[in-house]
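Here's the structure, in structure tokens; my notes come after.
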Amino acid sequence: MTVEDLLFHSFAVMAVLSALFVVFNRNPVYSALFLALCMSVLGAMFFTLNAYFVAVAQITVYAGAVMVLFVMVVMLFDLKREAEEILKFSPVTLAKVLAAALLCGFLVGTGWLGVTAVKGNLALHLAPSATAADLEKPIDGKIPRMEEKKETSPDEAREPLAKVSGNPDEDLTAAEEARLVENATVPESRVGGGLEEFGSTVTLSRVLFSKFVFAFEAVSALLLVAIVGAVALARSKGGTHHVS
Amino acid sequence: MNPDLLIAILLLSPFLGFLINGFLVKYNNKNNLRAGGIATAAAGISFLCALILTFKLMTMGAEERAIHVVYFNWLSTGTLNVNMGFNVDPISAIMILIITGVGSLIHLYSVGYMSHDAHPAKFFSYLNLFLFNMLVLVLGDNLILMFVGWEGVGLCSYLLIGFWFEDPEKAAAGMKAFLVNRIGDAGFLLGLFTIFVTFGTVEFTELAKMTFSPEIGAWGPVTLATACLFIGATGKSAQIPLYVWLPDAMAGPTPVSALIHAATMVTAGIYMIVRLNFMFVAAPTTMHIIASVGAATALFAASIGLLQTDIKKILAYSTVSQLGYMFLGVGVGAFGAGFFHLMTHAFFKALMFLGAGSVIHGMGGEQDITRMGALAKKMPITYKTFLFGWLAIIGTPFFSGFFSKDEILWRAYSSPLGSKFLWIVGVVAAGMTAFYMTRLMCLTFWGTSRVDKGIKVHEAPLTMTAPLMTLAVLSLVGGWVGVPHIFHVPNLLEGWLEHMVHDVTAEGSSWEEWMTMLVSVAVAGFAAFFAYYLYALNPEMPKTWVRKAKGLYHLIYNKYFVDEIYGWVFVRPLVQLSRGLWAYLDVRVVDRTTYFLSDLVKGTGAGLRLMVNGNTQQYALYIVFGVLVSLAFIFAR
Amino acid sequence: MGDGLLEFIVNTVKIALIFFAVVSTVPLLVWVERRGSAFMQNRLGPNRVGPLGLLQLAADAVKFIFKEPFVPEAADKALYFMAPALCLLPAMLTFAAIPLSTPFTVGGHTFKMQVTDINVGIVYIFAVASLGVYGILVAGWSSSNKYSLLGALRASSQMISYEVAMGLSIIGVILKYKTFDLTKMIGAQTGPFNFTWQGHNFEPLSWLPNWGIFFQPVAFILFFTAGFAETNRLPFDLPEGEAELVAGYHTEYGGFKFNMFFMGEYGHMMTSAALITILFFGGYALPWAGGGPVQVQEFWLSHSTWLSQTLSLSASEAASVLTMVTHLACFSAKMGFFLFVYIWVRWTLPRFRYDQLMDLGWKTMLPWSLANLGATTALMFFARYNPL
Amino acid sequence: MSPELARVLHVSLNHYLALSAILFSVGVLGVLLRKNAIVILMSIELMLNAVNLDFVAFAKYNSNIDGQAMVFFVMTIAAAEAAVGLAIAVAVFKRFKEVNISYFEKLKG
């Protein structure tokens, strides 16, 4: 139980709670505010994931702009507390709740098993979770593949690649090179903790303006279109201030 | 100028003319001079290109006389690989000269002829389209492309025959032509398939490279292919049994009859056979069939022609019989001769059609020769030019028709594929030709005038007479390129074609050739004089004869009731059968099945419609269900 | 773990310090504002309580605390109480990222004069500042008073509009320094005025400090102006334009809650002043100090024996401490100046009309910032690549 | 604490995935249950955020920066979607003085 874990769990609890409030609070204003809170918490979580710029962008764009928009709209409409129950009992409601619950279960399940099912995924062995504390422990076969993964010391971790082809070291470095070339990450990023340079704005922007430059442009065009569309939709005949 | 550009212009200028007149149809209909000018210019341009190309060919050595251009790969599926390629060689060179040359003359003529018509632009656009398709037909370097042109000219002929479609008869005539042609085209396609399956290619040059050993027996692949192709030819070139459409095709405007149904399109069959001569010589059976069909058609059509009274009908039947001659020629392995006759016939028959056209024009639409007579004074130019045509077709020595016809007859007599019998048939047909042509002359230009008082006969304008004169000259000198050897002057045409066509060498001494020539000339001369005696000197005699032999007269006058027979044997049963199918099979089985299916679909839709009730959140729920199912699938694996 | 614990404690202390620093600067500023305004308007201002009326601040504080905390009947209680905190929080958080001075070392431990050294500092500040809108919106809405709501909407829309221009103007500066890190920015502004063109370094006016304002004058003007709008101060204090809306979004607030809004506003003011200092005026770096902090460190190394003896520190540690103090003083001086400018402007310029405000924001400042951005990009491009 | 608990609590990629899964499902629930169009939009934003979390987590644990790049695109799309969605909501509000999702049934063809 390290500081990171503590942070994660507290953040997680906050995020989930605020999300639940968003959905189950009958007052739209509260929903919006809680959503802003949830987003900010996620932004903080991004900081712990070394995604500094993304985190900041998350807070600026979502919490700072989008949600403000929501809040303003809600306040302008002056939407009061909704009269009808959110969870009034009916078969349809039941079906909806069940569906959502099932979805959650499935997603979590696929999350736990699916990740480990990914073949040749170096990340599993690089994950900082493989600390000595866990390595001593005996394994109960709860989630076998996870356990395997946890057992492997960094050297064994190379095995999957080694299996693929001959000499582990060379191949690993080769794969390394390949990954670095296409991901513009720096070698330290391999070693669990030392992600200082990784996720820095430079690397991010490099990839954003080289590999994804077309997507970038396309999205900007989309944004423009959305703005024009929004204005066209929202304004009423007699100018923007006249309410028909 | 490099050849591929030339050929492109040659092909595309008529097409462009078609587009212009086609898109500006409303605008150009008001002014037939504009429309005609555009069309004629287009034709003229491509004629110039044709001339240049021919000169290019002449400058080349005799062996490699061919310009082959490939623009792009048109379609390639599996082993079939068709290029958009065009091939100018001696054969197609002559063809394009005829097509564009005679074509542009006829365009010029039409400017005058259609002056009173309401839709000149439509007419000229069709005419240009026809030129384009015909050029594609003759220039295409493979069978597929040729077939495209083949269909294209069929379409244009349909459109032009039914040009005055307000008159149901004419529309029907167009349809008849189209349908009859379809039968032939089916044969053509079968032949095409056979060739492709057998030799794996449809390129003429590829096929020419192969060596064909003459096939004995009926059902060798080559025989089959050539036979099928010949069926196509009978359709397009109006041979027995598919000739019936051509006489009706005279419903179209006269220039059309001249261009399409005398000079160019109907000769497509001959052209195709000449083009593939190397293959046809390898199939003796087919050659026999062709020769006999040709001879039979020549005789049969000529005999019908004897008693027709519609000037265009007479010319139509004469065309059929002349085409029969050509087939007789190629049938006995005299491809050169057949092709030669094609050329000369193009000249004089076009001339005569145009002359007839100007007569009709002058007579204000009158076509019955029994209502004419003594027009020589009224329209001198037409008369003089028509005279040239007459002399040429009856085979007056040193006129174009004389050389080509006698070449064919001599080959029919002498070639190993031919026989005395075929020759006799040919001679008799020649005699008949002479007879009915002279009859036409007598009743139209000579004798006493039987013209109604109301009709104001006038000579045609210059735009119409100029082409007449040009063609008159051509039908005189046109034959001098193929003078037989016995005159000891070089036979230019033979030399021009020698590397392209492989004639079956005729054996026979020169006195035999003199003899045949004299015989045919004598027969023709006698027949002509007889006709002149009957119809010019004492016109009462034919009537008495008709009274004597009524049955025969009616039989021939009604064209041996061929159309009626076809109607009874093929058309009616077909109509009955299809009516029965409609009444029982279609209504009872097909319709019910489809109704059932549609009801099924409707019912399901009505059921599912309840799901789509506009409640967006329910839609979202469906999405979630979908996701769940797919996740479950992943999970289960 | 020992280190971890120490770090934890140190950070806590830092946070507390910064908070109290800001909070306790506010009364001082208030005093300056009142005295300054009086001075400008040629009157005396508060001068009874204590010397120069300084104790007036304490009196105000007491008054604020002991006022009766009333709540409007129709108000949404929870949000009504949350709003002031929401308003104060971002101000504090932004201030947490500002490097006040060079780090110093005591007992082998190095302490940064900054709560957290975020390597995207400037962007972080913007992000957090953009959260300031919530406080105002919530305050305006929760107190269920139409003037409050109108004020809140005005405030938020105004802040959003000016954030755009502000951010764009900053981008030019970021391009110049090629970093988001405020400390690095300050480092880039040390030494005399110089620039690199086509690989050659030029130093035309060696007596000028190497400050951002000389490279980005337009950006400075834009940022400075936008700063007023961001802090809702005159001439852009439309949200609390007492003429039309009683007091804007905090009409219904009294006592300490109002005070918190007040602090929030001043906190914003201090942050923007600090930012101006850092971005355009070399931050804590002493001007004309040659190589900047390093130079100062060397100077103190030779002049810090007295301190090292009194506190029994190693020479280098003492030097670092003194360096820190020097730079802190320098920073405070610069920042103080800009705070004064804020007050000065408030008592000098009249208030805008709302449409004028929006026009200024969207039709004047946005285009100018865009133009500035384009020009900067072009200049930097040609500074590096020779098109010829 | 017991070693199992320690291991389960020890943060790894899976934890992030689980968290984002939960958030996502909550968003779905909101979309399914709420009648207020604006709140539904909020729920959609929530789902998008869950996805963002996934992206960033993957980016870190695969040490592949592309994930973070993706987040930007998601954000942009989310912003555009919010703008248009709210505009529609405004239009609906002007018409019905309420933004109940059931009014969208009127769009049914």
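Letters for chains follow the order of the structure tokens (A, B, ...), residue numbers begin at 1 for each chain, and ligand numbers begin at 1 in the order shown.
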Per residue of chain A within 8 Å of chain B, note the shortest atom pair and the distance in Å to one decimal, counting only C-alpha atoms, and order the rows by chain and increasing residue number, as CSV.
residue,atom,partner,partner_atom,distance
A:Lys96,CA,B:Leu621,CA,6.7
A:Ala99,CA,B:Val624,CA,7.0
A:Ala100,CA,B:Val624,CA,7.8
A:Leu102,CA,B:Leu628,CA,7.5
A:Leu103,CA,B:Leu628,CA,6.1
A:Phe106,CA,B:Leu631,CA,6.7
A:Leu107,CA,B:Leu631,CA,7.9
A:Thr110,CA,B:Phe635,CA,6.8
Would you mind exporting the chosen residues as a PDB file, in the first residue's frame, restricted to all heavy atoms?
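Now in result30.pdb:
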ATOM      1  N   LYS A  96     -33.449  -1.719 -17.456  1.00  0.00           N
ATOM      2  CA  LYS A  96     -32.351  -0.778 -17.695  1.00  0.00           C
ATOM      3  C   LYS A  96     -31.276  -0.945 -16.633  1.00  0.00           C
ATOM      4  O   LYS A  96     -30.084  -1.100 -16.921  1.00  0.00           O
ATOM      5  CB  LYS A  96     -32.900   0.648 -17.689  1.00  0.00           C
ATOM      6  CG  LYS A  96     -33.700   0.984 -18.939  1.00  0.00           C
ATOM      7  CD  LYS A  96     -34.370   2.328 -18.815  1.00  0.00           C
ATOM      8  CE  LYS A  96     -35.072   2.686 -20.129  1.00  0.00           C
ATOM      9  NZ  LYS A  96     -35.847   3.937 -20.016  1.00  0.00           N
ATOM     10  N   ALA A  99     -29.413  -4.098 -17.066  1.00  0.00           N
ATOM     11  CA  ALA A  99     -28.514  -4.025 -18.217  1.00  0.00           C
ATOM     12  C   ALA A  99     -27.245  -3.285 -17.839  1.00  0.00           C
ATOM     13  O   ALA A  99     -26.129  -3.760 -18.072  1.00  0.00           O
ATOM     14  CB  ALA A  99     -29.227  -3.310 -19.361  1.00  0.00           C
ATOM     15  N   ALA A 100     -27.421  -2.133 -17.179  1.00  0.00           N
ATOM     16  CA  ALA A 100     -26.240  -1.351 -16.808  1.00  0.00           C
ATOM     17  C   ALA A 100     -25.352  -2.161 -15.878  1.00  0.00           C
ATOM     18  O   ALA A 100     -24.135  -2.261 -16.062  1.00  0.00           O
ATOM     19  CB  ALA A 100     -26.674  -0.055 -16.138  1.00  0.00           C
ATOM     20  N   LEU A 102     -25.113  -5.381 -15.553  1.00  0.00           N
ATOM     21  CA  LEU A 102     -24.488  -6.467 -16.304  1.00  0.00           C
ATOM     22  C   LEU A 102     -23.314  -5.924 -17.107  1.00  0.00           C
ATOM     23  O   LEU A 102     -22.203  -6.470 -17.116  1.00  0.00           O
ATOM     24  CB  LEU A 102     -25.529  -7.093 -17.225  1.00  0.00           C
ATOM     25  CG  LEU A 102     -25.365  -8.592 -17.493  1.00  0.00           C
ATOM     26  CD1 LEU A 102     -25.334  -9.330 -16.173  1.00  0.00           C
ATOM     27  CD2 LEU A 102     -26.534  -9.087 -18.333  1.00  0.00           C
ATOM     28  N   LEU A 103     -23.568  -4.798 -17.745  1.00  0.00           N
ATOM     29  CA  LEU A 103     -22.511  -4.167 -18.554  1.00  0.00           C
ATOM     30  C   LEU A 103     -21.294  -3.913 -17.684  1.00  0.00           C
ATOM     31  O   LEU A 103     -20.161  -4.265 -18.025  1.00  0.00           O
ATOM     32  CB  LEU A 103     -23.029  -2.853 -19.138  1.00  0.00           C
ATOM     33  CG  LEU A 103     -22.050  -2.098 -20.026  1.00  0.00           C
ATOM     34  CD1 LEU A 103     -21.801  -2.873 -21.303  1.00  0.00           C
ATOM     35  CD2 LEU A 103     -22.567  -0.707 -20.339  1.00  0.00           C
ATOM     36  N   PHE A 106     -19.532  -7.141 -16.913  1.00  0.00           N
ATOM     37  CA  PHE A 106     -18.804  -7.633 -18.089  1.00  0.00           C
ATOM     38  C   PHE A 106     -17.540  -6.831 -18.313  1.00  0.00           C
ATOM     39  O   PHE A 106     -16.454  -7.365 -18.501  1.00  0.00           O
ATOM     40  CB  PHE A 106     -19.700  -7.547 -19.319  1.00  0.00           C
ATOM     41  CG  PHE A 106     -20.480  -8.798 -19.550  1.00  0.00           C
ATOM     42  CD1 PHE A 106     -21.746  -8.742 -20.085  1.00  0.00           C
ATOM     43  CD2 PHE A 106     -19.938 -10.037 -19.225  1.00  0.00           C
ATOM     44  CE1 PHE A 106     -22.473  -9.894 -20.300  1.00  0.00           C
ATOM     45  CE2 PHE A 106     -20.662 -11.189 -19.441  1.00  0.00           C
ATOM     46  CZ  PHE A 106     -21.934 -11.113 -19.972  1.00  0.00           C
ATOM     47  N   LEU A 107     -17.711  -5.509 -18.247  1.00  0.00           N
ATOM     48  CA  LEU A 107     -16.563  -4.654 -18.565  1.00  0.00           C
ATOM     49  C   LEU A 107     -15.444  -4.888 -17.572  1.00  0.00           C
ATOM     50  O   LEU A 107     -14.277  -5.073 -17.939  1.00  0.00           O
ATOM     51  CB  LEU A 107     -16.990  -3.187 -18.563  1.00  0.00           C
ATOM     52  CG  LEU A 107     -17.776  -2.741 -19.792  1.00  0.00           C
ATOM     53  CD1 LEU A 107     -18.212  -1.302 -19.630  1.00  0.00           C
ATOM     54  CD2 LEU A 107     -16.950  -2.912 -21.042  1.00  0.00           C
ATOM     55  N   THR A 110     -13.938  -8.324 -18.330  1.00  0.00           N
ATOM     56  CA  THR A 110     -13.044  -8.296 -19.506  1.00  0.00           C
ATOM     57  C   THR A 110     -11.815  -7.480 -19.179  1.00  0.00           C
ATOM     58  O   THR A 110     -10.728  -7.763 -19.660  1.00  0.00           O
ATOM     59  CB  THR A 110     -13.777  -7.686 -20.708  1.00  0.00           C
ATOM     60  OG1 THR A 110     -14.590  -6.626 -20.222  1.00  0.00           O
ATOM     61  CG2 THR A 110     -14.624  -8.717 -21.412  1.00  0.00           C
TER      62      THR A 110
END
Practice task
Starting from chain A, keep only residues with some atom at most 8 Å from an atom of chain C, counting only C-alpha atoms, and report them as a PyMOL selection string.
Solution key: chain A and resi 52-53+56-57+59-60+63-65+68+71-72+75
Exercise for the section: Just the strand (DSSP E) stuff from region 138-334 of chain C, please, per backbone DSSP, written as a ChimeraX atom specification. Expected result: /C:195-197,200-202
Practice task
Quick one: everything within 10 Å of region 44-56 of chain D, counting only C-alpha atoms, minus sequence neighbours fewer than 5 positions away in the same chain. Send it as JSON, numbers by chain.
Solution key: {"A": [19, 22, 23, 35, 36, 38, 39, 42, 43, 45, 46, 49, 50, 51, 54, 55, 58, 62, 66, 67, 199], "D": [13, 14, 16, 17, 18, 19, 20, 21, 22, 23, 24, 25, 26, 27, 28, 30, 31, 38, 39, 61, 62, 63, 64, 65, 66, 67, 68, 69, 70, 71, 72, 73, 74, 75, 77, 78, 79, 81, 82]}
Handout entry: Shell around Val102 (chain B) at 9 Å using only C-alpha atoms, local window under 5 positions removed, as a list in words
Key =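 My list of contacting residues is Leu97, His107, Leu259, Ala263, Thr264, Ala346, Phe347, Ala350, Pro467 and Leu471 of chain B.
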With C-alpha atoms kept, could you save the residues just selected as a compact mmCIF listing (two decimals), in the first residue's frame?
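As a result, out-v4.txt now contains:
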# COMPACT_ATOMS: atom_id res chain seq x y z
CA LEU B 97 -12.67 6.19 -96.84
CA HIS B 107 -24.55 14.68 -94.89
CA LEU B 259 -25.91 5.80 -96.23
CA ALA B 263 -23.46 2.05 -98.67
CA THR B 264 -22.14 1.25 -95.22
CA ALA B 346 -21.33 1.79 -102.23
CA PHE B 347 -20.75 4.38 -104.93
CA ALA B 350 -25.65 5.51 -102.84
CA PRO B 467 -23.06 14.92 -104.07
CA LEU B 471 -20.87 10.02 -106.84
Problem - Atom-to-atom span, CA of Glu459 (chain B) and CA of Thr40 (chain B), Å - result: 22.3 Å
Practice task
Do me a favour and pick out the residues of chain D within 7 Å of chain B, using only C-alpha atoms, as a list in words.
Solution key: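 Taking only C-alpha atoms into account, Val31, Leu32, Ser102, Glu105 and Lys108 of chain D sit within 7 Å of chain B.
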Handout entry: Who sits within 7 Å of region 366-382 of chain B, only C-alpha atoms, same chain under 3 positions skipped, as JSON, numbers by chain
Key = {"B": [309, 310, 311, 355, 360, 363, 385, 386, 443, 444, 445, 446, 447, 448, 449, 450, 451, 457, 458, 459, 465]}
Once you have the residues from the selection above, write them out as a JSON list (two decimals), in the first residue's frame, restricted to N, CA, C and O atoms.
[["chain", "number", "residue", "atom", "x", "y", "z"],
["B", 309, "THR", "N", -43.21, -1.41, -107.53],
["B", 309, "THR", "CA", -43.55, -0.11, -108.14],
["B", 309, "THR", "C", -43.05, 1.04, -107.27],
["B", 309, "THR", "O", -43.07, 2.18, -107.70],
["B", 310, "ASP", "N", -42.64, 0.74, -106.03],
["B", 310, "ASP", "CA", -42.10, 1.80, -105.17],
["B", 310, "ASP", "C", -40.62, 1.94, -105.48],
["B", 310, "ASP", "O", -39.84, 0.99, -105.35],
["B", 311, "ILE", "N", -40.23, 3.13, -105.87],
["B", 311, "ILE", "CA", -38.87, 3.32, -106.36],
["B", 311, "ILE", "C", -37.85, 2.89, -105.30],
["B", 311, "ILE", "O", -36.87, 2.19, -105.57],
["B", 355, "GLY", "N", -30.31, 9.85, -105.90],
["B", 355, "GLY", "CA", -31.08, 10.29, -107.06],
["B", 355, "GLY", "C", -32.57, 10.08, -106.81],
["B", 355, "GLY", "O", -33.39, 10.97, -106.97],
["B", 360, "ILE", "N", -37.91, 11.92, -105.37],
["B", 360, "ILE", "CA", -39.03, 12.00, -104.41],
["B", 360, "ILE", "C", -39.19, 13.43, -103.93],
["B", 360, "ILE", "O", -40.29, 13.99, -103.88],
["B", 363, "MET", "N", -40.76, 15.32, -106.55],
["B", 363, "MET", "CA", -42.16, 14.93, -106.75],
["B", 363, "MET", "C", -43.01, 15.22, -105.52],
["B", 363, "MET", "O", -44.16, 14.79, -105.44],
["B", 385, "THR", "N", -27.06, 12.01, -113.69],
["B", 385, "THR", "CA", -26.30, 11.27, -112.68],
["B", 385, "THR", "C", -26.90, 9.89, -112.51],
["B", 385, "THR", "O", -26.20, 8.89, -112.45],
["B", 386, "PHE", "N", -28.21, 9.83, -112.48],
["B", 386, "PHE", "CA", -28.87, 8.54, -112.28],
["B", 386, "PHE", "C", -28.49, 7.58, -113.41],
["B", 386, "PHE", "O", -28.28, 6.40, -113.22],
["B", 443, "LEU", "N", -39.78, 3.87, -116.50],
["B", 443, "LEU", "CA", -40.99, 4.38, -115.87],
["B", 443, "LEU", "C", -40.75, 5.72, -115.20],
["B", 443, "LEU", "O", -41.68, 6.49, -114.99],
["B", 444, "THR", "N", -39.47, 5.98, -114.84],
["B", 444, "THR", "CA", -39.23, 7.21, -114.10],
["B", 444, "THR", "C", -38.88, 8.36, -115.02],
["B", 444, "THR", "O", -39.51, 9.42, -115.00],
["B", 445, "PHE", "N", -37.88, 8.13, -115.86],
["B", 445, "PHE", "CA", -37.31, 9.28, -116.59],
["B", 445, "PHE", "C", -37.78, 9.35, -118.04],
["B", 445, "PHE", "O", -37.81, 10.39, -118.63],
["B", 446, "TRP", "N", -38.03, 8.15, -118.64],
["B", 446, "TRP", "CA", -38.38, 8.18, -120.05],
["B", 446, "TRP", "C", -39.88, 8.04, -120.22],
["B", 446, "TRP", "O", -40.63, 8.14, -119.28],
["B", 447, "GLY", "N", -40.27, 7.75, -121.43],
["B", 447, "GLY", "CA", -41.68, 7.50, -121.72],
["B", 447, "GLY", "C", -42.53, 8.75, -121.52],
["B", 447, "GLY", "O", -42.03, 9.88, -121.48],
["B", 448, "THR", "N", -43.82, 8.48, -121.33],
["B", 448, "THR", "CA", -44.76, 9.59, -121.21],
["B", 448, "THR", "C", -45.00, 9.92, -119.75],
["B", 448, "THR", "O", -44.96, 9.03, -118.89],
["B", 449, "SER", "N", -45.27, 11.18, -119.48],
["B", 449, "SER", "CA", -45.42, 11.60, -118.08],
["B", 449, "SER", "C", -46.77, 11.18, -117.53],
["B", 449, "SER", "O", -47.79, 11.41, -118.17],
["B", 450, "ARG", "N", -46.79, 10.54, -116.38],
["B", 450, "ARG", "CA", -48.04, 10.18, -115.72],
["B", 450, "ARG", "C", -48.17, 10.94, -114.40],
["B", 450, "ARG", "O", -48.85, 10.51, -113.48],
["B", 451, "VAL", "N", -47.47, 12.06, -114.32],
["B", 451, "VAL", "CA", -47.44, 12.81, -113.07],
["B", 451, "VAL", "C", -48.76, 13.54, -112.86],
["B", 451, "VAL", "O", -49.33, 14.05, -113.82],
["B", 457, "VAL", "N", -43.14, 19.66, -110.22],
["B", 457, "VAL", "CA", -41.83, 18.99, -110.22],
["B", 457, "VAL", "C", -40.72, 20.02, -110.38],
["B", 457, "VAL", "O", -40.81, 20.93, -111.18],
["B", 458, "HIS", "N", -39.69, 19.91, -109.51],
["B", 458, "HIS", "CA", -38.58, 20.88, -109.61],
["B", 458, "HIS", "C", -37.26, 20.17, -109.34],
["B", 458, "HIS", "O", -37.21, 19.16, -108.64],
["B", 459, "GLU", "N", -36.18, 20.74, -109.90],
["B", 459, "GLU", "CA", -34.86, 20.15, -109.70],
["B", 459, "GLU", "C", -34.38, 20.45, -108.28],
["B", 459, "GLU", "O", -34.75, 21.48, -107.69],
["B", 465, "THR", "N", -27.50, 18.18, -105.46],
["B", 465, "THR", "CA", -26.97, 17.73, -106.77],
["B", 465, "THR", "C", -25.46, 17.55, -106.72],
["B", 465, "THR", "O", -24.92, 16.67, -107.38]]
Handout entry: Two-atom distance - CA of Ser475 (chain B), CA of Leu351 (chain B) (Å)
Key =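 Computing the Euclidean distance for CA of Ser475 (chain B) and CA of Leu351 (chain B) yields 8.0 Å.
Taking only C-alpha atoms into account, chain A lies nearest to D:Val11 out of the set D:Ala37, D:Val99, D:Val92, D:Val11.
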Handout entry: Selection near Phe215 (chain C), 12 Å with only C-alpha atoms, sequence-local residues under 6 positions removed, as a VMD selection string
Key = chain C and resid 172 to 177 189 193 to 195 208 to 209 279 to 281 372 375 to 376 379 to 380
Restricting the output to N, CA, C and O atoms, write the selected residues as a short mmCIF file (atom, residue, chain, number, x, y, z; two decimals), in the first residue's frame.
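Produced file result29.cif, reproduced below:
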data_model
loop_
_atom_site.label_atom_id
_atom_site.label_comp_id
_atom_site.auth_asym_id
_atom_site.auth_seq_id
_atom_site.Cartn_x
_atom_site.Cartn_y
_atom_site.Cartn_z
N GLY C 172 2.32 32.98 -27.34
CA GLY C 172 3.52 33.60 -27.91
C GLY C 172 4.68 33.53 -26.93
O GLY C 172 5.80 33.15 -27.29
N VAL C 173 4.39 33.84 -25.67
CA VAL C 173 5.45 33.83 -24.67
C VAL C 173 6.02 32.42 -24.53
O VAL C 173 7.24 32.21 -24.53
N ILE C 174 5.09 31.45 -24.49
CA ILE C 174 5.56 30.07 -24.32
C ILE C 174 6.48 29.70 -25.48
O ILE C 174 7.54 29.11 -25.30
N LEU C 175 6.08 30.12 -26.69
CA LEU C 175 6.94 29.84 -27.85
C LEU C 175 8.32 30.44 -27.63
O LEU C 175 9.34 29.82 -27.93
N LYS C 176 8.32 31.64 -27.09
CA LYS C 176 9.61 32.32 -26.90
C LYS C 176 10.49 31.51 -25.95
O LYS C 176 11.66 31.24 -26.24
N TYR C 177 9.92 31.07 -24.82
CA TYR C 177 10.75 30.38 -23.82
C TYR C 177 10.83 28.88 -24.08
O TYR C 177 11.60 28.18 -23.44
N GLN C 189 15.17 34.40 -18.61
CA GLN C 189 15.11 35.87 -18.66
C GLN C 189 16.29 36.53 -17.94
O GLN C 189 16.30 37.74 -17.75
N PHE C 193 19.86 41.77 -22.40
CA PHE C 193 18.95 41.59 -23.54
C PHE C 193 19.72 41.02 -24.72
O PHE C 193 20.68 41.64 -25.19
N ASN C 194 19.35 39.81 -25.15
CA ASN C 194 20.06 39.24 -26.31
C ASN C 194 19.13 38.27 -27.02
O ASN C 194 18.15 37.79 -26.44
N PHE C 195 19.43 38.03 -28.30
CA PHE C 195 18.62 37.07 -29.05
C PHE C 195 19.47 36.45 -30.14
O PHE C 195 20.54 36.95 -30.50
N LEU C 208 19.89 46.63 -21.17
CA LEU C 208 18.53 46.18 -20.90
C LEU C 208 18.57 44.81 -20.28
O LEU C 208 19.37 43.97 -20.69
N PRO C 209 17.69 44.54 -19.29
CA PRO C 209 17.57 43.15 -18.83
C PRO C 209 16.87 42.30 -19.88
O PRO C 209 16.13 42.81 -20.71
N LEU C 279 6.29 36.19 -16.32
CA LEU C 279 6.32 36.03 -17.77
C LEU C 279 7.06 37.16 -18.45
O LEU C 279 7.74 36.96 -19.45
N PHE C 280 6.91 38.37 -17.93
CA PHE C 280 7.41 39.52 -18.69
C PHE C 280 8.52 40.28 -17.99
O PHE C 280 9.20 41.08 -18.61
N PHE C 281 8.70 40.05 -16.69
CA PHE C 281 9.66 40.89 -15.99
C PHE C 281 10.68 40.08 -15.20
O PHE C 281 11.11 40.46 -14.13
N ASN C 372 -0.43 38.46 -32.96
CA ASN C 372 0.81 38.34 -32.20
C ASN C 372 1.37 36.93 -32.32
O ASN C 372 2.56 36.72 -32.60
N ALA C 375 2.80 36.37 -35.76
CA ALA C 375 4.07 37.08 -35.95
C ALA C 375 5.18 36.37 -35.21
O ALA C 375 6.27 36.12 -35.75
N THR C 376 4.88 35.99 -33.97
CA THR C 376 5.91 35.31 -33.18
C THR C 376 6.38 34.04 -33.89
O THR C 376 7.58 33.81 -34.07
N LEU C 379 8.56 34.89 -36.84
CA LEU C 379 9.88 35.37 -36.42
C LEU C 379 10.75 34.21 -35.97
O LEU C 379 11.89 34.05 -36.40
N MET C 380 10.16 33.36 -35.13
CA MET C 380 10.98 32.26 -34.59
C MET C 380 11.42 31.33 -35.69
O MET C 380 12.55 30.83 -35.70
#
Problem - Nearby residues (only C-alpha atoms) at most 8 Å from Ala139 (chain C), same-chain spacing under 5 positions excluded, as number ranges by chain - result: C: 79-80, 83-84, 148, 152, 249-250
Practice task
One decimal, Å: what's the distance from CA of Gln114 (chain C) over to CA of Thr102 (chain C), could you say?
Solution key: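 Computing the Euclidean distance for CA of Gln114 (chain C) and CA of Thr102 (chain C) yields 9.1 Å.
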